[in-house]
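Enquirer: Take a look at this one; I'll ask things after.
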Number of protein chains: 2
Amino acid sequence: MPAPTDHELFSLGDVVLQHGATLRDAKLAYKTYGTLNAEKTNAIVYPTWYSGRHSDNEWLIGTDKALNPDEWFIIVPNMLGNGLSSSPSNTPPPYDRARFPNVTFYDQVECQHRLVTEQFGIETLALVTGWSMGAGQTYQWAVSHPEMVQRAAPFCGSSVTSPHNQVFLESITATLRADAAFAGGWYRDDAWPTTGLRAFARVYAGWGFSQAFYWQEEWRKLGASSLEDFLIAFWEGFWLDERDPNNLLAMAWTWCHGDVGRTPGFDGDTVAALASIRCPVLAMPAEKDLYFPPEDEQWAAQHVPRGEVRVIPGIWGHFAGGGMNPDDTAFIDQGIRDVLAMDP
Amino acid sequence: MPAPTDHELFSLGDVVLQHGATLRDAKLAYKTYGTLNAEKTNAIVYPTWYSGRHSDNEWLIGTDKALNPDEWFIIVPNMLGNGLSSSPSNTPPPYDRARFPNVTFYDQVECQHRLVTEQFGIETLALVTGWSMGAGQTYQWAVSHPEMVQRAAPFCGSSVTSPHNQVFLESITATLRADAAFAGGWYRDDAWPTTGLRAFARVYAGWGFSQAFYWQEEWRKLGASSLEDFLIAFWEGFWLDERDPNNLLAMAWTWCHGDVGRTPGFDGDTVAALASIRCPVLAMPAEKDLYFPPEDEQWAAQHVPRGEVRVIPGIWGHFAGGGMNPDDTAFIDQGIRDVLAMDP
């Protein structure tokens with residue numbers, strides 16, 4: 001499906017990034033759900049995931065859900081790099097395409113913080129939550145702005161990208177770059193590196209769901225007629241769907257360098273950053289997630305004063321958090337309901 | 001290091017393969033360790049693994065090991081496709097390179113059976129054992145020749161390649177093919193698809209060892225000075241070391257299509273094939289193996305009348321069976337010692 005257009009753009013002006021570049025005239029694309037109350041106490045931030053757009057988060061929002069827009073004002077900011085906010089694909093020269101600067105989770109959250117405070121005048125967030133890289137942004141919010149974040153519910157993600165997860169990211173990015181059509185990021189519009197993207201998709205396929213998911217042919221529930229059909233229709237289809245290769249590499253850089261310890265003031269001390277979080281954090285990793293295994297979250301929770309881990313049971317692996325499996329969605333929804341009932 | 005040359009060649013003549021092609025004037029490269037006794041009762045077959053050569057199996061052979069050449073006559077046949085036996089890289093036209101025919105595990109074992117019976121006049125095998133694809137050949141021996149195989153000890157492999165494992169194989173082969181220099185298998189000697197091989201290596205890196213292996217920086221035990229050094233020196237070095245891309249694809253085809261149920265007479269019935277095995281089978285999967293998880297072996301053992309599973313504990317994942325970690329090697333060696341003590 002085409003990228004959505006039902007969003008607003010917040011003008012960030014010139015953003016000086018953590019690694020030194022200035023992203024000039026930067027834009028943050030976002031969409032809101034529900035109404036901000038007069039006291040401005042009902043706001044929730046729900047960031048996007050790797051290549052996801054605000055519309056991809058909507059499965060967890062609804063009047064029958066914990067994220068009920070009749071009750072909460074839910075802001076979904078699109079990550080820088082996702083093609084809607086400032087990204088390689090939409091930034092003018094000289095920071096365009098392969099020259100797009102390195103953006104950290106810290107940078108992402110600073111931009112979102114400006115949207116929340118400058119555009120809406122919000123001073124507290126009842127909750128920050130998100131899947132995968134959205135979970136990474138959730139942790140970053142809790143570390144960067146402990147004065148604002150009242151609760152956090154990261155699912156299928158981590159506070160620091162593990163070395164194995166970095167190897168996974170190396171694998172998909174090396175695969176994409178192996179296509180000569182990629183041309184160092186200067187691919188032509190009429191010579192898109194689709195071979196590399198299709199290989200990227202096949203690499204991702206092994207990681208996105210668990211061994212047992214494939215053994216039990218759970219892909220039938222997603223409408224696939226055979227394993228090969230699943231690899232083409234779901235996986236290749238997903239990454240060929242207006243996913244700009246430079247955007248994918250920019251977001252992979254952010255992900256690969258995820259670490260709340262790199263927040264200014266913590267000097268690389270991840271444990272100290274986690275220990276500084278004031279709010280309750282309910283982390284929900286998936287039992288069979290192959291690149292964000294529950295061990296990552298169990299480790300982090302030891303250091304978060306009010307940290308708790310609830311493992312999503314089952315065989316959907318990382319995509320337990322993707323909104324496609326009703327049991328997993330119900331588990332996550334209940335977790336968010338429970339964390340919203342906690343004292344800030 | 002260069003491919004070894006300390007092997008013998010057994011002339012197979014014209015081999016009619018299971019999928020219909022005839023591999024003419026085929027050769028099986030092998031090496032033996034120890035001396036065949038007069039009764040010909042002390043023979044062991046120990047097949048190679050994906051891209052491995054006979055010399056890569058030697059870590060498990062020694063006078064201090066269960067596979068003691070003072071006691072046993074150990075035959076290590078090189079798989080068709082590994083570059084020493086008939087392979088894409090050494091077969092003359094018209095079945096050369098990208099035209100090398102599809103070879104099944106059944107075919108591999110039939111060629112090995114001819115070596116064992118015709119060259120040595122052996123009628124019983126005290127043991128068949130092997131790592132990874134060597135485990136697949138071990139299962140195939142027990143199904144194809146129950147009258148000969150007295151004991152089997154497959155480690156870190158399976159009797160049927162799981163769908164998830166097939167997705168992993170799709171990922172590495174699609175990555176290799178994404179390099180335009182691969183040219184459909186007709187790459188030039190002066191334009192080797194090294195970019196594709198290096199990406200292939202990075203994809204493999206995430207699967208070969210467990211998440212915890214990377215978290216705990218176990219790669220330091222293999223002489224790497226950093227994670228990136230491990231990816232280059234160990235992984236890229238491994239696949240650039242005289243590993244012919246067409247050979248890799250040929251062996252991946254064999255692996256991807258592994259299934260003892262495809263043995264003639266079983267008509268695709270994997271369970272019936274497993275149930276036909278007469279000898280004791282001690283399967284040793286590794287606890288954290290990401291592409292041959294212990295569940296594969298636990299499933300198979302239910303159907304093997306004398307099947308037993310012992311899980312290799314620890315965090316080395318698939319490479320628990322690669323002979324690089326002393327604890328894992330000791331575990332496997334003890335398993336082989338125990339299975340050799342069992343009644344046939």
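Chain identifiers are assigned as A, B, and so on, following the order in which chains appear in the structure tokens; residues are numbered from 1 within each chain, and ligands are numbered from 1 in order of appearance.
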Using only C-alpha atoms, which residues of chain B come within 7 Å of chain A, and what is the closest atom pair for each, with the distance in Å to one decimal? Give it as CSV, sorted by chain and residue number.

Expert:
```
residue,atom,partner,partner_atom,distance
B:Ser162,CA,A:Trp215,CA,6.5
B:Pro163,CA,A:Tyr214,CA,5.7
B:His164,CA,A:Gln211,CA,5.2
B:Val167,CA,A:Gly206,CA,5.6
B:Phe168,CA,A:Gly206,CA,5.6
B:Glu170,CA,A:Arg202,CA,6.5
B:Ser171,CA,A:Val203,CA,4.4
B:Ala174,CA,A:Ala199,CA,5.1
B:Thr175,CA,A:Ala199,CA,5.4
B:Ala178,CA,A:Asp179,CA,5.3
B:Asp179,CA,A:Asp179,CA,5.3
B:Ala180,CA,A:Ala180,CA,6.1
B:Thr195,CA,A:Ala178,CA,5.8
B:Gly196,CA,A:Ala178,CA,5.7
B:Ala199,CA,A:Ala174,CA,5.0
B:Arg202,CA,A:Ser171,CA,4.8
B:Val203,CA,A:Ser171,CA,4.4
B:Ala205,CA,A:Val167,CA,7.0
B:Gly206,CA,A:Phe168,CA,5.6
B:Gln211,CA,A:His164,CA,5.2
B:Tyr214,CA,A:His164,CA,5.3
B:Trp215,CA,A:Pro163,CA,5.8
```

Enquirer: Mind checking which residues fall within 12 Å of segment 327-329 of chain A, counting only C-alpha atoms, ignoring those fewer than 6 positions away in the same chain, and posting them as a ChimeraX atom specification?

Expert: /A:57-61,65-66,131,155-156,284-287,311-321,335-336

Enquirer: Applying 7 Å and only C-alpha atoms, which residues near Ser87 of chain A remain after dropping the ones on its own chain fewer than 6 positions away? List them as a VMD selection string.

Expert: chain A and resid 80 to 81 247

Enquirer: DSSP on the backbone: which residues in segment 167-264 of chain B end up as alpha helix (DSSP H)? Give the answer as number ranges by chain.

Expert: B: 167-177, 194-208, 211-215, 227-229, 237-240, 245-256

Enquirer: Extract the full set of strand (DSSP E) residues from segment 144-207 of chain A according to DSSP on the backbone, and format it as JSON, numbers by chain.

Expert: {"A": [152, 153, 154, 155]}

Enquirer: Can you tell me, as a list in words, what residues are no more than 8 Å from Ala252 of chain A when counting only C-alpha atoms, ignoring any on the same chain fewer than 2 positions away?

Expert: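 Within the cut-off, the hits are Tyr50, Leu169, Thr173, Leu248, Leu249, Ala250, Thr254, Trp255 and Cys256 of chain A.
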
Enquirer: Measuring between only C-alpha atoms, which one of B:His303, B:Lys27, B:Arg278, B:Arg337 shows the shortest distance to Gln150 of chain B?

Expert: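 Going through B:His303, B:Lys27, B:Arg278, B:Arg337 one by one, the smallest distance to Gln150 of chain B is for B:Arg278.
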
Enquirer: Can you tell me, as a PyMOL selection string, what residues are no more than 12 Å from Gln302 of chain A when counting only C-alpha atoms, ignoring any on the same chain fewer than 3 positions away?

Expert: chain A and resi 271-272+274-275+281+283+295-299+305-309

Enquirer: Once you have the residues from the selection above, write them out as a PDB file, in the first residue's frame, restricted to N, CA and C atoms.

Expert:
```
ATOM      1  N   VAL A 271      24.062   1.053  32.665  1.00  0.00           N
ATOM      2  CA  VAL A 271      23.441   0.697  33.942  1.00  0.00           C
ATOM      3  C   VAL A 271      23.020   1.954  34.703  1.00  0.00           C
ATOM      4  N   ALA A 272      23.884   2.957  34.705  1.00  0.00           N
ATOM      5  CA  ALA A 272      23.538   4.204  35.397  1.00  0.00           C
ATOM      6  C   ALA A 272      22.329   4.857  34.739  1.00  0.00           C
ATOM      7  N   LEU A 274      19.893   3.332  33.121  1.00  0.00           N
ATOM      8  CA  LEU A 274      18.702   2.561  33.502  1.00  0.00           C
ATOM      9  C   LEU A 274      18.309   2.863  34.946  1.00  0.00           C
ATOM     10  N   ALA A 275      19.305   3.005  35.799  1.00  0.00           N
ATOM     11  CA  ALA A 275      19.034   3.254  37.228  1.00  0.00           C
ATOM     12  C   ALA A 275      18.416   4.620  37.455  1.00  0.00           C
ATOM     13  N   VAL A 281       8.368   0.713  34.647  1.00  0.00           N
ATOM     14  CA  VAL A 281       8.634   0.250  33.274  1.00  0.00           C
ATOM     15  C   VAL A 281       8.180  -1.197  33.176  1.00  0.00           C
ATOM     16  N   ALA A 283       8.283  -4.061  30.718  1.00  0.00           N
ATOM     17  CA  ALA A 283       8.855  -4.525  29.453  1.00  0.00           C
ATOM     18  C   ALA A 283       8.189  -5.832  29.065  1.00  0.00           C
ATOM     19  N   GLU A 295      16.142 -12.280  27.398  1.00  0.00           N
ATOM     20  CA  GLU A 295      17.295 -12.042  28.275  1.00  0.00           C
ATOM     21  C   GLU A 295      17.716 -10.573  28.294  1.00  0.00           C
ATOM     22  N   ASP A 296      17.599  -9.895  27.150  1.00  0.00           N
ATOM     23  CA  ASP A 296      17.958  -8.472  27.100  1.00  0.00           C
ATOM     24  C   ASP A 296      17.147  -7.676  28.118  1.00  0.00           C
ATOM     25  N   GLU A 297      15.862  -7.958  28.144  1.00  0.00           N
ATOM     26  CA  GLU A 297      14.967  -7.194  29.002  1.00  0.00           C
ATOM     27  C   GLU A 297      15.109  -7.610  30.457  1.00  0.00           C
ATOM     28  N   GLN A 298      15.365  -8.899  30.669  1.00  0.00           N
ATOM     29  CA  GLN A 298      15.549  -9.350  32.044  1.00  0.00           C
ATOM     30  C   GLN A 298      16.810  -8.723  32.635  1.00  0.00           C
ATOM     31  N   TRP A 299      17.810  -8.562  31.793  1.00  0.00           N
ATOM     32  CA  TRP A 299      19.020  -7.878  32.245  1.00  0.00           C
ATOM     33  C   TRP A 299      18.714  -6.424  32.595  1.00  0.00           C
ATOM     34  N   PRO A 305      14.790   0.770  38.661  1.00  0.00           N
ATOM     35  CA  PRO A 305      14.238   0.643  40.020  1.00  0.00           C
ATOM     36  C   PRO A 305      12.813   0.070  40.048  1.00  0.00           C
ATOM     37  N   ARG A 306      11.987   0.504  39.116  1.00  0.00           N
ATOM     38  CA  ARG A 306      10.617  -0.002  39.096  1.00  0.00           C
ATOM     39  C   ARG A 306      10.382  -0.817  37.818  1.00  0.00           C
ATOM     40  N   GLY A 307      11.372  -1.612  37.474  1.00  0.00           N
ATOM     41  CA  GLY A 307      11.288  -2.411  36.242  1.00  0.00           C
ATOM     42  C   GLY A 307      10.616  -3.749  36.454  1.00  0.00           C
ATOM     43  N   GLU A 308       9.831  -4.157  35.495  1.00  0.00           N
ATOM     44  CA  GLU A 308       9.145  -5.448  35.547  1.00  0.00           C
ATOM     45  C   GLU A 308       9.146  -6.033  34.135  1.00  0.00           C
ATOM     46  N   VAL A 309       9.273  -7.359  34.034  1.00  0.00           N
ATOM     47  CA  VAL A 309       9.256  -8.018  32.727  1.00  0.00           C
ATOM     48  C   VAL A 309       8.108  -9.014  32.688  1.00  0.00           C
TER      49      VAL A 309
END
```

Enquirer: Quick one: pull the distance between atom CA of Gly134 of chain A and atom CA of Thr104 of chain A, Å, one decimal.

Expert: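 Rounded to one decimal, the two atoms are 12.8 Å apart.
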
Enquirer: Please measure the separation of atom CA of Val128 of chain B and atom CA of Glu242 of chain B, giving the value in Å to one decimal.

Expert: 27.6 Å

Enquirer: I want to know what sits within 12 Å of Phe105 of chain A, based on only C-alpha atoms, with residues of the same chain fewer than 6 positions away left out; could you give that as a PyMOL selection string?

Expert: chain A and resi 17-19+47-49+79-81+111-112+133-144+158-161+250-264

Enquirer: Using only C-alpha atoms for the distances, tell me which of A:Tyr187, A:Tyr106, A:Phe10, A:Tyr33 is nearest to Asn78 of chain A.

Expert: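 Looking at the shortest contact to Asn78 of chain A, the residue is A:Phe10.
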